[in-house]
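**Student:** The structure that follows is given in the form of structure tokens.
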Amino acid sequence: MTFQALPGFRDFPPDELAFRAHIIEAWRRVARRYGFVEYDGPPLEPLELYTAKSGDEIVGQLFEFEDKGGRRVAMRPEMTPTFARMVSEHAKSAPKPIRWFAVPQLFRYEKQQRGRLREHFQLNCDLVGEAGPRADAEVIALAIDVCRELGLGADDFKVRLSDRRVLYALLAHAMIPTDAFDGVLGVIDKLERNGATASRARLLEMGLGDRAEAVLAIAAVRSADELTALARDWGVDAASWQFSEVLGALGAMGCADYIEVDLSIVRGLAYYTGTVFELFDRKGQLRAICGGGRYDTLLASLGGADLPAVGFGMGDVVLGELLKDRGLRPGAPATIDCYVAAVTAEDVPEVLHQAQRLRAAGLAVEFPLDAEPKLGKQLKLAGTRGARLAVVIGPDARARGEVQLKDLAARTQVAVPLDQLVERCLGILSPTG
RNA sequence: GUGCUUGUAGCUCAAUCGGUUAGAGCGCCGCACUGUGGCUGCGGAGGUUGCGGGUUCGAUCCCCGUCAGGCACCCCA
């Protein structure tokens, strides 16, 4: 009988966990750089927390069951409802704006594909209590900086940026009836996948007639210049758009190379009210790395504080795929600082003693476990472990109260008195300290 | 959930038309090297060819089922 991980779930042996930690540590570093503080919530929530926002259809995509107390519960598929509950309570006393981030593990019962598993870790950043454009720019710049922190550049990824208020304004100008907006947005959202022909047919089915071409023209906008030109041609006042200020702020923040205005970006989730954006790899080979936007009415609609908010979620799976594709997966890190080697079995007690002294000083230390240790084998292992230092303890030097201290990187070796060993090691490992 | 496709040492792959004992590189362990690492040479361990059934004298190869991965749908974090 053999067992394997459930489909869509991952084992994390040390090298995989190191890669995961590499990503998550970058998330935390950058989020804190933007003044965000970390929170968390329960991984298991009442099922209704999700059906209230997304309807009963979502139940088929959840890990949900009945607990022993007869409660219908679900493993969290997203962080937003939990966040909404927590921040609404907190918002009564917290100074605004609120900058919170979380790194939850999320679960969804769907068939897995590359970049989409049944479990992933996700950076969630939300900025609550500020409706102005610089809040939008802040979270977008944060998402960009996370990617840069991991070594990705403007050649590797881009932000596709839109604003539902701009879409609404243009649709209204194109005489699309308000009650058709949701349907039209759905067609625009799927435009890239379904193609122009099928999308046009769908729009005609909706009874839009000639106005279908206007919708397609709007969704075809792929740059700020094209948007400006379209607005000018249609006689729409673009100067008052908050979207322009978001773009201006991002430009001033040095993010222009990453930004691509793209009015086909809608985001499937219905609750977005303004800015919407997604990060993609430039080659277009992967799913979205990140997605987010402004949701000024969601918190109130979930029964919480009536506060504007903007945020995003970024998963570890697609991001990890992109990093691997670009050769940005870091090599195995050194597992120890120092290997303490014994020349003969008689040296072992001194090896154990010195190893513990070095460990007490905070160093990561390993020594041989063999009954009859061989020096060559020990030094080879020291190299494999990535140790910077090796201490060689043998009978002759030991009789003089000395050991040999090797710098494995510099390939040098010096005799060191036993009572100076710890400080000499610390001196090499942290020369500034 | 639907369709297509792929499954061979830990990893990447090979194996003529269906043929007898399934190979190589990397990695791992050992030896050369009984007091000094990265190189080199030699050797070793490691496989019910994903699993189950069928056809056949004989199956890694053909057929069916199943599980898992990939791709496209569905849906989206």
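Each chain in the structure tokens gets a letter, A, B and so on, in the order shown; residues start at 1 in every chain, and ligands are counted from 1 in the order they appear.
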Select, as a VMD selection string, those residues of chain B with any atom no more than 10 Å from chain A (distances computed using only C-alpha atoms (C1' of nucleotides)).

**Tutor:** chain B and resid 1 33 to 38 68 to 71 75 to 77

**Student:** For the residues selected in the previous step, produce a file with C-alpha atoms (C1' of nucleotides) as an mmCIF file, in the first residue's frame.

**Tutor:**
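What ended up in part38.cif:
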```
data_model
loop_
_atom_site.group_PDB
_atom_site.id
_atom_site.type_symbol
_atom_site.label_atom_id
_atom_site.label_comp_id
_atom_site.auth_asym_id
_atom_site.auth_seq_id
_atom_site.Cartn_x
_atom_site.Cartn_y
_atom_site.Cartn_z
ATOM 1 C "C1'" G B 1 -17.452 17.682 -13.635
ATOM 2 C "C1'" C B 33 42.255 8.611 -0.052
ATOM 3 C "C1'" U B 34 44.280 4.257 7.517
ATOM 4 C "C1'" G B 35 45.416 13.422 9.224
ATOM 5 C "C1'" U B 36 42.481 17.449 5.026
ATOM 6 C "C1'" G B 37 36.596 19.137 0.836
ATOM 7 C "C1'" G B 38 34.982 20.662 -4.600
ATOM 8 C "C1'" A B 68 -2.036 10.378 -11.292
ATOM 9 C "C1'" G B 69 0.277 14.466 -14.298
ATOM 10 C "C1'" G B 70 -0.253 17.859 -18.622
ATOM 11 C "C1'" C B 71 -3.533 20.540 -22.154
ATOM 12 C "C1'" C B 75 -14.948 28.096 -13.241
ATOM 13 C "C1'" C B 76 -12.046 31.220 -11.148
ATOM 14 C "C1'" A B 77 -8.160 32.673 -5.797
#
```

**Student:** Residues at most 9 Å from segment 57-61 of chain B, counting only C-alpha atoms (C1' of nucleotides), excluding those fewer than 2 positions away in the same chain, as a ChimeraX atom specification?

**Tutor:** /B:8,15,18-20,22,49

**Student:** In Å, rounded to a single decimal, give me how far atom CA of Leu279 of chain A is from atom CA of Lys158 of chain A.

**Tutor:**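 Answer for the atom CA of Lys158 of chain A to atom CA of Leu279 of chain A separation: 5.7 Å.
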
**Student:** If you run DSSP over the backbone, which residues in segment 203-418 of chain A end up alpha helix (DSSP H)? Put them as a ChimeraX atom specification.

**Tutor:** /A:203-205,211-219,224-234,242-252,298-301,316-325,348-360,375-384,395-399

**Student:** Set the distance at 9 Å and use only C-alpha atoms (C1' of nucleotides): which residues neighbour Pro81 of chain A once local chain neighbours fewer than 3 positions away are removed? I'd like the list as a ChimeraX atom specification.

**Tutor:** /A:49-50,53,78,84-86,299,302

**Student:** Let me see the file: selected residues, N, CA, C and O atoms, as a PDB file, in the first residue's frame.

**Tutor:**
```pdb
ATOM      1  N   LEU A  49     -20.594  32.009   5.286  1.00  0.00           N
ATOM      2  CA  LEU A  49     -19.741  33.175   5.072  1.00  0.00           C
ATOM      3  C   LEU A  49     -19.456  33.350   3.584  1.00  0.00           C
ATOM      4  O   LEU A  49     -19.291  34.467   3.102  1.00  0.00           O
ATOM      5  N   TYR A  50     -19.400  32.225   2.843  1.00  0.00           N
ATOM      6  CA  TYR A  50     -19.077  32.295   1.422  1.00  0.00           C
ATOM      7  C   TYR A  50     -20.320  32.299   0.545  1.00  0.00           C
ATOM      8  O   TYR A  50     -20.349  32.952  -0.494  1.00  0.00           O
ATOM      9  N   LYS A  53     -21.948  35.799   0.046  1.00  0.00           N
ATOM     10  CA  LYS A  53     -21.357  36.717  -0.919  1.00  0.00           C
ATOM     11  C   LYS A  53     -21.448  36.181  -2.347  1.00  0.00           C
ATOM     12  O   LYS A  53     -21.662  36.917  -3.296  1.00  0.00           O
ATOM     13  N   GLU A  78     -10.987  31.875   0.046  1.00  0.00           N
ATOM     14  CA  GLU A  78     -10.488  33.226  -0.172  1.00  0.00           C
ATOM     15  C   GLU A  78     -10.464  33.920   1.178  1.00  0.00           C
ATOM     16  O   GLU A  78     -11.054  33.455   2.151  1.00  0.00           O
ATOM     17  N   ALA A  84     -13.159  41.021   5.794  1.00  0.00           N
ATOM     18  CA  ALA A  84     -14.256  41.989   5.941  1.00  0.00           C
ATOM     19  C   ALA A  84     -14.814  41.955   7.355  1.00  0.00           C
ATOM     20  O   ALA A  84     -15.059  42.989   7.974  1.00  0.00           O
ATOM     21  N   ARG A  85     -14.980  40.756   7.886  1.00  0.00           N
ATOM     22  CA  ARG A  85     -15.491  40.619   9.246  1.00  0.00           C
ATOM     23  C   ARG A  85     -14.532  41.241  10.261  1.00  0.00           C
ATOM     24  O   ARG A  85     -14.933  42.004  11.147  1.00  0.00           O
ATOM     25  N   MET A  86     -13.247  40.919  10.115  1.00  0.00           N
ATOM     26  CA  MET A  86     -12.272  41.400  11.079  1.00  0.00           C
ATOM     27  C   MET A  86     -12.071  42.903  10.990  1.00  0.00           C
ATOM     28  O   MET A  86     -12.009  43.602  12.002  1.00  0.00           O
ATOM     29  N   LEU A 299     -17.653  45.906   1.777  1.00  0.00           N
ATOM     30  CA  LEU A 299     -17.629  45.784   3.235  1.00  0.00           C
ATOM     31  C   LEU A 299     -19.008  46.049   3.823  1.00  0.00           C
ATOM     32  O   LEU A 299     -19.488  45.296   4.676  1.00  0.00           O
ATOM     33  N   LEU A 302     -21.512  43.255   3.175  1.00  0.00           N
ATOM     34  CA  LEU A 302     -21.346  42.078   4.015  1.00  0.00           C
ATOM     35  C   LEU A 302     -21.740  42.379   5.454  1.00  0.00           C
ATOM     36  O   LEU A 302     -21.460  41.599   6.368  1.00  0.00           O
TER      37      LEU A 302
END
```
